[in-house]
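Peer 1: If it helps, the file is called protein-v5.csv and holds CSV, C-alpha atoms:
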chain,number,residue,atom,x,y,z
A,770,MET,CA,-10.2,12.4,-36.3
A,771,THR,CA,-8.4,10.0,-34.0
A,772,THR,CA,-4.9,11.1,-32.9
A,773,PHE,CA,-2.1,9.6,-30.7
A,774,GLN,CA,-3.7,11.4,-27.7
A,775,ASP,CA,-6.7,9.1,-28.0
A,776,CYS,CA,-5.1,6.2,-26.1
A,777,SER,CA,-7.5,4.7,-23.6
A,778,ILE,CA,-7.7,2.3,-20.7
A,779,GLY,CA,-11.0,0.8,-19.5
A,780,PHE,CA,-11.9,-2.0,-17.3
A,781,ALA,CA,-14.7,-4.0,-15.6
A,782,LYS,CA,-14.9,-6.5,-12.8
A,783,GLU,CA,-15.0,-10.2,-13.9
A,784,SER,CA,-17.4,-12.8,-12.6
A,785,THR,CA,-15.0,-15.6,-13.4
A,786,TYR,CA,-11.2,-15.2,-13.4
A,787,GLY,CA,-10.0,-14.9,-17.0
A,788,THR,CA,-13.4,-14.7,-18.6
A,789,GLY,CA,-13.5,-11.4,-20.4
A,790,VAL,CA,-16.1,-8.8,-19.9
A,791,THR,CA,-16.8,-5.5,-21.7
A,792,PRO,CA,-15.1,-2.5,-20.0
A,793,THR,CA,-17.5,-0.1,-18.4
A,794,ARG,CA,-15.2,2.3,-16.4
A,795,PHE,CA,-12.5,4.3,-18.2
A,796,LEU,CA,-9.5,6.1,-16.6
A,797,GLU,CA,-7.7,9.3,-17.4
A,798,PHE,CA,-4.3,7.7,-17.2
A,799,VAL,CA,-0.8,9.3,-17.4
A,800,ASP,CA,1.3,6.3,-18.7
A,801,GLU,CA,1.1,2.6,-19.0
A,802,SER,CA,3.3,-0.5,-19.7
A,803,LEU,CA,0.8,-3.3,-20.0
A,804,ASP,CA,2.4,-6.1,-22.0
A,805,PHE,CA,2.4,-9.7,-23.0
A,806,ASN,CA,5.0,-12.0,-21.4
A,807,LYS,CA,5.8,-15.4,-23.0
A,808,THR,CA,8.2,-18.1,-21.8
A,809,ILE,CA,10.3,-19.2,-24.8
A,810,VAL,CA,12.0,-22.6,-24.7
A,811,GLN,CA,14.3,-23.7,-27.5
A,812,GLY,CA,14.7,-27.4,-28.1
A,813,LYS,CA,18.3,-28.6,-27.8
A,814,GLY,CA,18.2,-31.9,-29.6
A,815,LEU,CA,21.0,-32.5,-32.1
A,816,ARG,CA,20.2,-33.4,-35.7
A,817,VAL,CA,22.5,-34.0,-38.6
A,818,GLY,CA,22.7,-30.9,-40.8
A,819,SER,CA,21.5,-28.4,-38.1
A,820,ARG,CA,23.9,-25.5,-37.5
A,821,VAL,CA,21.5,-23.0,-35.8
A,822,ALA,CA,18.5,-23.4,-33.5
A,823,ARG,CA,15.7,-25.0,-35.4
A,824,SER,CA,12.4,-23.0,-35.9
A,825,GLY,CA,10.4,-26.2,-35.5
A,826,ARG,CA,11.8,-26.7,-32.0
A,827,ARG,CA,10.9,-23.3,-30.5
A,828,VAL,CA,7.9,-23.6,-28.2
A,829,VAL,CA,6.0,-21.3,-25.7
A,830,PRO,CA,4.9,-23.5,-22.8
A,831,THR,CA,3.5,-20.7,-20.7
A,832,ALA,CA,2.5,-17.1,-21.0
A,833,ASP,CA,0.9,-14.3,-19.0
A,834,ALA,CA,0.6,-10.5,-19.1
A,835,GLY,CA,0.5,-7.4,-17.0
A,836,GLY,CA,2.3,-4.3,-16.2
A,837,ASP,CA,1.8,-0.8,-14.7
A,838,PHE,CA,-0.3,2.3,-15.3
A,839,SER,CA,-0.5,5.6,-13.5
A,840,LEU,CA,-3.2,8.1,-13.1
A,841,GLU,CA,-3.9,11.4,-11.3
A,842,VAL,CA,-6.4,10.9,-8.5
A,843,ALA,CA,-9.8,12.4,-9.1
A,844,SER,CA,-13.0,12.8,-7.0
A,845,LYS,CA,-15.3,10.6,-9.2
A,846,GLY,CA,-15.2,7.4,-11.1
A,847,LEU,CA,-12.5,5.6,-9.1
A,848,GLY,CA,-14.6,3.4,-6.8
A,849,LEU,CA,-14.3,0.2,-8.8
A,850,LEU,CA,-10.6,0.8,-9.2
A,851,TRP,CA,-10.1,1.2,-5.4
A,852,GLU,CA,-12.1,-2.0,-4.9
A,853,PHE,CA,-9.8,-3.7,-7.4
A,854,LEU,CA,-6.7,-2.4,-5.5
A,855,MET,CA,-7.9,-3.2,-2.0
A,856,GLY,CA,-10.1,-6.3,-2.5
A,857,SER,CA,-13.2,-5.1,-0.7
A,858,GLY,CA,-15.3,-1.9,-1.0
A,859,ALA,CA,-18.8,-0.6,0.0
A,860,SER,CA,-20.7,2.6,-0.7
A,861,ALA,CA,-23.1,4.2,1.8
A,862,LEU,CA,-25.3,7.3,1.6
A,863,VAL,CA,-24.1,10.1,3.9
A,864,SER,CA,-27.0,12.4,3.1
A,865,ALA,CA,-28.6,14.1,0.1
A,866,SER,CA,-26.3,13.4,-2.9
A,867,THR,CA,-23.2,12.7,-0.8
A,868,TYR,CA,-21.8,9.1,-0.6
A,869,GLN,CA,-18.9,7.6,1.2
A,870,GLN,CA,-16.9,4.6,-0.1
A,871,VAL,CA,-14.8,2.6,2.3
A,872,PHE,CA,-12.2,0.1,1.0
A,873,THR,CA,-10.4,-2.6,3.1
A,874,PHE,CA,-8.3,-5.6,2.3
A,875,GLY,CA,-10.2,-8.6,0.9
A,876,ASP,CA,-9.0,-12.1,1.5
A,877,THR,CA,-9.9,-13.0,-2.1
A,878,MET,CA,-8.9,-10.3,-4.6
A,879,PRO,CA,-11.3,-9.5,-7.4
A,880,SER,CA,-10.2,-10.0,-11.0
A,881,ALA,CA,-10.9,-7.6,-13.9
A,882,THR,CA,-10.7,-7.3,-17.6
A,883,PHE,CA,-8.6,-4.3,-18.7
A,884,GLN,CA,-8.5,-3.0,-22.2
A,885,LYS,CA,-6.2,-0.5,-23.7
A,886,GLY,CA,-6.9,1.2,-27.0
A,887,LEU,CA,-3.9,2.3,-29.1
A,888,PRO,CA,-4.2,4.5,-32.3
A,889,ARG,CA,-2.2,3.6,-35.4
A,890,VAL,CA,-0.8,6.3,-37.7
A,891,ASP,CA,-3.9,6.1,-39.9
A,892,GLY,CA,-6.2,6.6,-36.9
A,893,THR,CA,-7.3,3.0,-36.6
A,894,VAL,CA,-7.6,2.1,-32.9
A,895,ASP,CA,-6.4,-1.4,-31.9
A,896,ALA,CA,-7.8,-3.0,-28.7
A,897,TYR,CA,-5.5,-5.0,-26.4
A,898,THR,CA,-7.6,-6.8,-23.9
A,899,PHE,CA,-6.0,-8.2,-20.8
A,900,LEU,CA,-7.9,-11.0,-19.1
A,901,GLY,CA,-7.8,-12.1,-15.5
A,902,CYS,CA,-6.1,-9.0,-14.1
A,903,THR,CA,-5.5,-8.9,-10.4
A,904,CYS,CA,-3.7,-6.2,-8.4
A,905,ASP,CA,-0.1,-7.0,-7.5
A,906,SER,CA,0.6,-3.7,-5.8
A,907,TRP,CA,-0.3,0.0,-5.8
A,908,GLU,CA,1.4,3.2,-4.7
A,909,LEU,CA,0.1,6.6,-4.0
A,910,GLU,CA,2.6,9.4,-4.3
A,911,PHE,CA,1.7,12.7,-2.7
A,912,GLY,CA,4.2,15.1,-4.0
A,913,ASN,CA,5.0,18.7,-2.9
A,914,ALA,CA,2.9,21.3,-4.8
A,915,ASP,CA,1.5,18.5,-7.0
A,916,ILE,CA,-1.4,16.2,-7.9
A,917,PRO,CA,-1.5,12.9,-6.1
A,918,LEU,CA,-0.4,10.1,-8.5
A,919,LEU,CA,-1.6,6.6,-8.2
A,920,LYS,CA,0.6,3.8,-9.7
A,921,VAL,CA,-1.0,0.4,-10.2
A,922,THR,CA,0.9,-2.8,-10.9
A,923,THR,CA,-1.3,-5.6,-12.2
A,924,ASP,CA,-0.8,-9.3,-13.1
A,925,ALA,CA,-2.9,-10.8,-15.9
A,926,LYS,CA,-3.7,-14.3,-17.1
A,927,ASP,CA,-3.7,-13.5,-20.9
A,928,VAL,CA,-4.1,-10.9,-23.6
A,929,THR,CA,-6.2,-11.0,-26.7
A,930,THR,CA,-6.4,-8.8,-29.7
A,931,GLY,CA,-9.7,-10.3,-31.0
A,932,THR,CA,-12.1,-8.4,-28.6
A,933,ALA,CA,-14.0,-5.4,-29.9
A,934,TYR,CA,-12.9,-2.0,-28.8
A,935,ALA,CA,-15.1,-0.5,-26.1
A,936,THR,CA,-15.8,3.2,-26.7
A,937,PRO,CA,-14.6,5.2,-23.7
A,938,SER,CA,-16.9,7.4,-21.6
A,939,TYR,CA,-15.9,9.4,-18.6
A,940,PRO,CA,-17.7,10.7,-15.5
A,941,SER,CA,-18.8,14.3,-15.6
A,942,GLY,CA,-17.9,16.8,-12.8
A,943,ALA,CA,-14.8,15.0,-11.6
A,944,ASN,CA,-12.2,17.2,-9.9
A,945,LEU,CA,-8.5,16.5,-9.3
A,946,PHE,CA,-7.2,16.5,-5.7
A,947,THR,CA,-4.2,18.7,-5.2
A,948,PHE,CA,-1.5,19.6,-2.7
A,949,ALA,CA,-3.5,22.7,-1.7
A,950,GLY,CA,-6.2,20.5,-0.2
A,951,GLY,CA,-3.9,18.0,1.4
A,952,ALA,CA,-3.2,17.4,5.1
A,953,ILE,CA,-1.6,14.7,7.3
A,954,SER,CA,-2.3,14.1,10.9
A,955,THR,CA,-1.3,11.7,13.7
A,956,GLY,CA,-2.1,11.0,17.3
A,957,THR,CA,-5.3,9.4,18.7
A,958,LEU,CA,-7.1,7.9,15.8
A,959,THR,CA,-10.8,7.9,15.2
A,960,ALA,CA,-11.3,5.2,12.6
A,961,PRO,CA,-13.7,5.7,9.6
A,962,THR,CA,-17.2,4.3,9.6
A,963,SER,CA,-19.5,3.7,6.7
A,964,THR,CA,-20.6,7.3,6.8
A,965,ALA,CA,-18.0,9.2,8.9
A,966,LEU,CA,-14.5,10.1,7.9
A,967,ALA,CA,-11.4,9.2,9.9
A,968,SER,CA,-9.6,11.7,12.0
A,969,ALA,CA,-6.4,12.0,14.1
A,970,ALA,CA,-5.8,14.5,16.9
A,971,THR,CA,-2.5,16.1,15.8
A,972,PRO,CA,-1.9,17.8,12.5
A,973,LEU,CA,1.6,17.3,11.0
A,974,ALA,CA,2.6,20.7,9.6
A,975,ASN,CA,6.2,19.7,8.7
A,976,VAL,CA,5.5,17.1,6.0
A,977,ARG,CA,6.5,18.2,2.5
A,978,SER,CA,5.7,15.0,0.5
A,979,GLY,CA,5.5,11.3,0.7
A,980,SER,CA,4.1,8.0,-0.5
A,981,VAL,CA,2.2,5.0,0.6
A,982,LYS,CA,2.6,1.6,-1.1
A,983,VAL,CA,0.6,-1.6,-0.6
A,984,SER,CA,2.1,-4.9,-1.9
A,985,HIS,CA,-0.3,-7.9,-1.9
A,986,ASN,CA,2.5,-10.3,-2.7
A,987,PRO,CA,0.3,-12.7,-4.6
A,988,ALA,CA,1.4,-16.2,-5.8
A,989,THR,CA,1.5,-15.3,-9.6
A,990,SER,CA,3.2,-18.4,-10.9
A,991,ARG,CA,0.3,-20.9,-10.6
A,992,PHE,CA,1.0,-22.7,-13.9
A,993,ASN,CA,-0.4,-26.2,-13.6
A,994,PHE,CA,-1.0,-29.1,-15.9
A,995,GLY,CA,-4.4,-28.9,-17.6
A,996,GLY,CA,-4.3,-25.1,-17.8
A,997,GLY,CA,-3.1,-24.8,-21.4
A,998,GLY,CA,0.0,-22.9,-20.4
A,999,ARG,CA,-2.0,-20.2,-18.6
A,1000,LYS,CA,-2.0,-19.6,-14.9
A,1001,ALA,CA,-4.7,-20.2,-12.2
A,1002,LYS,CA,-5.9,-17.2,-10.3
A,1003,PRO,CA,-3.1,-15.8,-8.0
A,1004,THR,CA,-3.7,-16.2,-4.3
A,1005,THR,CA,-3.0,-13.3,-1.9
A,1006,GLY,CA,0.1,-13.4,0.2
A,1007,MET,CA,1.2,-11.6,3.4
A,1008,ARG,CA,0.5,-7.9,2.6
A,1009,GLU,CA,3.1,-5.2,3.1
A,1010,ILE,CA,2.3,-1.6,3.9
A,1011,THR,CA,5.3,0.7,3.3
A,1012,GLY,CA,5.9,4.4,2.6
A,1013,SER,CA,7.9,7.4,3.3
A,1014,LEU,CA,7.5,11.0,4.4
A,1015,THR,CA,9.8,13.9,3.7
A,1016,VAL,CA,9.7,16.2,6.7
A,1017,GLU,CA,11.3,19.4,7.8
A,1018,TYR,CA,13.4,19.2,10.9
A,1019,ASP,CA,11.4,21.4,13.2
A,1020,SER,CA,11.1,19.1,16.3
A,1021,THR,CA,12.5,15.8,17.6
A,1022,ALA,CA,9.2,13.9,17.3
A,1023,PHE,CA,10.3,11.8,14.2
A,1024,ARG,CA,13.8,11.4,15.6
A,1025,ASP,CA,12.4,9.9,18.8
A,1026,ALA,CA,10.0,7.7,16.8
A,1027,VAL,CA,13.1,6.2,15.0
A,1028,LEU,CA,15.1,5.8,18.2
A,1029,ASN,CA,12.4,4.5,20.4
A,1030,GLU,CA,10.3,2.5,17.9
A,1031,THR,CA,7.4,4.8,18.8
A,1032,PRO,CA,4.2,3.9,16.8
A,1033,MET,CA,2.4,6.7,15.0
A,1034,SER,CA,-1.0,6.8,13.3
A,1035,LEU,CA,-1.1,8.4,9.9
A,1036,VAL,CA,-4.1,9.9,8.2
A,1037,LEU,CA,-3.6,11.4,4.8
A,1038,THR,CA,-6.5,13.6,3.7
A,1039,TYR,CA,-7.2,15.3,0.4
A,1040,THR,CA,-10.2,17.7,0.3
A,1041,GLY,CA,-11.8,18.9,-3.0
A,1042,GLY,CA,-14.9,20.6,-4.1
A,1043,ALA,CA,-18.1,21.0,-2.2
A,1044,LEU,CA,-20.8,18.2,-2.0
A,1045,GLY,CA,-24.3,18.3,-0.6
A,1046,THR,CA,-22.7,17.4,2.7
A,1047,GLY,CA,-19.1,18.2,3.3
A,1048,ASN,CA,-16.5,18.1,0.5
A,1049,GLU,CA,-15.0,15.6,-1.9
A,1050,THR,CA,-12.5,13.7,0.1
A,1051,LEU,CA,-9.9,11.0,-0.2
A,1052,GLN,CA,-8.3,9.5,2.8
A,1053,VAL,CA,-5.6,6.8,3.4
A,1054,VAL,CA,-5.7,5.7,7.0
A,1055,ILE,CA,-2.9,3.7,8.7
A,1056,PRO,CA,-3.6,3.0,12.4
A,1057,GLU,CA,0.1,2.2,13.2
A,1058,ALA,CA,3.3,3.1,11.4
A,1059,LYS,CA,6.8,2.6,12.7
A,1060,PHE,CA,9.6,4.5,11.2
A,1061,ASP,CA,12.7,2.7,9.8
A,1062,GLY,CA,15.0,5.8,9.6
A,1063,LYS,CA,16.7,8.2,9.2
A,1064,LEU,CA,18.2,10.6,11.7
A,1065,PRO,CA,18.6,14.3,10.6
A,1066,ALA,CA,21.8,15.3,8.9
A,1067,ALA,CA,23.4,18.7,8.0
A,1068,ASN,CA,22.3,20.0,4.6
A,1069,GLY,CA,25.2,22.4,3.7
A,1070,GLY,CA,23.7,25.3,5.6
A,1071,GLU,CA,20.3,24.8,4.0
A,1072,LEU,CA,17.0,23.8,5.5
A,1073,ILE,CA,17.3,20.3,6.9
A,1074,THR,CA,14.8,17.8,5.7
A,1075,VAL,CA,14.6,14.1,6.4
A,1076,ASP,CA,13.3,11.2,4.3
A,1077,MET,CA,11.5,9.0,6.8
A,1078,GLY,CA,10.7,5.5,5.6
A,1079,PHE,CA,8.0,3.6,7.5
A,1080,THR,CA,6.2,0.3,7.7
A,1081,GLY,CA,2.5,-0.1,8.4
A,1082,LEU,CA,1.6,-2.8,11.0
A,1083,ASP,CA,-1.5,-4.4,12.3
A,1084,ASN,CA,-1.8,-2.4,15.5
A,1085,LEU,CA,-3.1,-5.6,17.3
A,1086,VAL,CA,-6.4,-3.9,18.1
A,1087,ALA,CA,-7.4,-1.8,15.1
A,1088,ALA,CA,-10.2,-3.2,13.0
A,1089,GLN,CA,-8.1,-2.8,9.8
A,1090,PRO,CA,-4.4,-2.2,9.1
A,1091,LEU,CA,-5.3,0.3,6.4
A,1092,TRP,CA,-8.4,2.0,5.0
A,1093,VAL,CA,-9.0,4.0,1.9
A,1094,VAL,CA,-12.0,6.3,2.1
A,1095,ALA,CA,-13.6,8.4,-0.6
A,1096,ARG,CA,-16.3,11.0,-0.1
A,1097,THR,CA,-17.9,11.5,-3.5
A,1098,ALA,CA,-21.0,12.3,-5.5
A,1099,ASP,CA,-20.9,8.8,-7.1
A,1100,ASN,CA,-23.9,6.9,-5.9
A,1101,ALA,CA,-22.2,3.5,-6.3
A,1102,LEU,CA,-18.8,2.1,-6.7
Show the structure stored in the file as structure tokens.

Peer 2:
Amino acid sequence: MTTFQDCSIGFAKESTYGTGVTPTRFLEFVDESLDFNKTIVQGKGLRVGSRVARSGRRVVPTADAGGDFSLEVASKGLGLLWEFLMGSGASALVSASTYQQVFTFGDTMPSATFQKGLPRVDGTVDAYTFLGCTCDSWELEFGNADIPLLKVTTDAKDVTTGTAYATPSYPSGANLFTFAGGAISTGTLTAPTSTALASAATPLANVRSGSVKVSHNPATSRFNFGGGGRKAKPTTGMREITGSLTVEYDSTAFRDAVLNETPMSLVLTYTGGALGTGNETLQVVIPEAKFDGKLPAANGGELITVDMGFTGLDNLVAAQPLWVVARTADNAL
């Protein structure tokens, strides 16, 4: 029997922006706010006898869709999603049954069809299919004593209710990454390759929690004549990499980074279960971060912690401003 816990989100990469495809990858999501957005214009012309706005003069010249969804980060089944979020991704065999997926910014972002299934009271599942979805932004929250949470904000060209519901299927053997397997390091950076993980020389043992956000800043208002009131594919703008770290005040390193504009590399690493070679791994690698604030302040006699906002920059010489790396048993994205 279908219950209200049988909500689903699935997606697949589109070949042509806005031309729907059948979802092939399904996500264990936490929440969602995917919705339809229409522009309503009410005609203002006066007519004898009219005392309220006339129904025949209400029009919808443009419409689009989109919204957010969140999911806990697992060790399998997320390759296509990371490609959707970053723009470019590749998978390479490390050895035996261990694969490494490396994701970087793409100049042209891929589009995807997303479909959510929502059960009615009587158990009927209605499919809401979002066409021409592109990534507006994503944020990875790595909380204290918690599971890393990935929030995705997507823009969509349109939504339809006439597409058949795709029955969900999920990867077997997927494990959740957790705080227990997390680490953050800085210092001299060794960038990831197609088969080698990134590393930085100095572990940061005073970080309690944090987040990393990537905003693609796409041009999402490309409504032009001839488009039937639906937008053309958004173009990618100047990306922004931002984030924050909550750190214990055990040294002056972060204070000095704020005062002196000292650049720091940041490598966030989550390690999971064993693979044929090494362990399941997720990394977010930022070659250069500069901290925007704050200085430490007294905490009423309690342990002093500081919320350190940062901005990721291009580093001038690094091959990428940000990498996402996944070590997994998945043999393809």

Peer 1: Please identify all polymer residues within 10 Å of stretch 922-928 of chain A, counting only C-alpha atoms, omitting same-chain residues fewer than 4 positions from it, and present them as a short mmCIF file (atom, residue, chain, number, x, y, z; two decimals) with C-alpha atoms, in the coordinates of the input.

Peer 2:
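Output (around26.cif):
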data_model
loop_
_atom_site.label_atom_id
_atom_site.label_comp_id
_atom_site.auth_asym_id
_atom_site.auth_seq_id
_atom_site.Cartn_x
_atom_site.Cartn_y
_atom_site.Cartn_z
CA TYR A 786 -11.20 -15.20 -13.40
CA GLY A 787 -10.00 -14.90 -17.00
CA THR A 788 -13.40 -14.70 -18.60
CA GLY A 789 -13.50 -11.40 -20.40
CA GLU A 801 1.10 2.60 -19.00
CA SER A 802 3.30 -0.50 -19.70
CA LEU A 803 0.80 -3.30 -20.00
CA ASP A 804 2.40 -6.10 -22.00
CA PHE A 805 2.40 -9.70 -23.00
CA ASN A 806 5.00 -12.00 -21.40
CA LYS A 807 5.80 -15.40 -23.00
CA ALA A 832 2.50 -17.10 -21.00
CA ASP A 833 0.90 -14.30 -19.00
CA ALA A 834 0.60 -10.50 -19.10
CA GLY A 835 0.50 -7.40 -17.00
CA GLY A 836 2.30 -4.30 -16.20
CA ASP A 837 1.80 -0.80 -14.70
CA PHE A 838 -0.30 2.30 -15.30
CA SER A 839 -0.50 5.60 -13.50
CA PHE A 853 -9.80 -3.70 -7.40
CA LEU A 854 -6.70 -2.40 -5.50
CA SER A 880 -10.20 -10.00 -11.00
CA ALA A 881 -10.90 -7.60 -13.90
CA THR A 882 -10.70 -7.30 -17.60
CA PHE A 883 -8.60 -4.30 -18.70
CA GLN A 884 -8.50 -3.00 -22.20
CA TYR A 897 -5.50 -5.00 -26.40
CA THR A 898 -7.60 -6.80 -23.90
CA PHE A 899 -6.00 -8.20 -20.80
CA LEU A 900 -7.90 -11.00 -19.10
CA GLY A 901 -7.80 -12.10 -15.50
CA CYS A 902 -6.10 -9.00 -14.10
CA THR A 903 -5.50 -8.90 -10.40
CA CYS A 904 -3.70 -6.20 -8.40
CA ASP A 905 -0.10 -7.00 -7.50
CA SER A 906 0.60 -3.70 -5.80
CA TRP A 907 -0.30 0.00 -5.80
CA GLU A 908 1.40 3.20 -4.70
CA THR A 932 -12.10 -8.40 -28.60
CA SER A 984 2.10 -4.90 -1.90
CA PRO A 987 0.30 -12.70 -4.60
CA THR A 989 1.50 -15.30 -9.60
CA GLY A 998 0.00 -22.90 -20.40
CA ARG A 999 -2.00 -20.20 -18.60
CA LYS A 1000 -2.00 -19.60 -14.90
CA ALA A 1001 -4.70 -20.20 -12.20
CA LYS A 1002 -5.90 -17.20 -10.30
CA PRO A 1003 -3.10 -15.80 -8.00
#

Peer 1: Determine the nearest neighbour of A:Ser1020 from the options A:Thr959, A:Thr1074, A:Ser1034, A:Gln811, counting only C-alpha atoms.

Peer 2: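 For A:Ser1020, the nearest of the candidates is A:Thr1074.
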
Peer 1: Using 8 Å as the limit and counting all atoms listed in the file, can you tabulate each residue of stretch 798-908 of chain A that touches stretch 1083-1102 of chain A, with its shortest atom-to-atom distance in Å and the two atoms involved, as CSV?

Peer 2:
residue,atom,partner,partner_atom,distance
A:Ser844,CA,A:Thr1097,CA,6.2
A:Lys845,CA,A:Asp1099,CA,6.2
A:Gly846,CA,A:Asp1099,CA,7.1
A:Leu847,CA,A:Leu1102,CA,7.6
A:Gly848,CA,A:Leu1102,CA,4.4
A:Leu849,CA,A:Leu1102,CA,5.3
A:Trp851,CA,A:Val1093,CA,7.9
A:Gly858,CA,A:Leu1102,CA,7.8
A:Ala859,CA,A:Leu1102,CA,7.2
A:Ser860,CA,A:Ala1101,CA,5.9
A:Leu862,CA,A:Asn1100,CA,7.6
A:Ser866,CA,A:Ala1098,CA,6.0
A:Thr867,CA,A:Ala1098,CA,5.2
A:Tyr868,CA,A:Thr1097,CA,5.4
A:Gln869,CA,A:Arg1096,CA,4.5
A:Gln870,CA,A:Ala1095,CA,5.1
A:Val871,CA,A:Val1094,CA,4.6
A:Phe872,CA,A:Val1093,CA,5.1
A:Thr873,CA,A:Trp1092,CA,5.4
A:Phe874,CA,A:Leu1091,CA,7.8

Peer 1: One decimal, in Å: what's the spacing between atom CA of A:Val921 and atom CA of A:Gly1062?

Peer 2: 26.0 Å

Peer 1: Calculated over all atoms listed in the file, which of the candidates A:Gly1042, A:Gly950, A:Pro917, A:Gly1081 has the smallest distance to A:Thr1011?

Peer 2: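 Of A:Gly1042, A:Gly950, A:Pro917, A:Gly1081, the one nearest A:Thr1011, counting all atoms listed in the file, is A:Gly1081.
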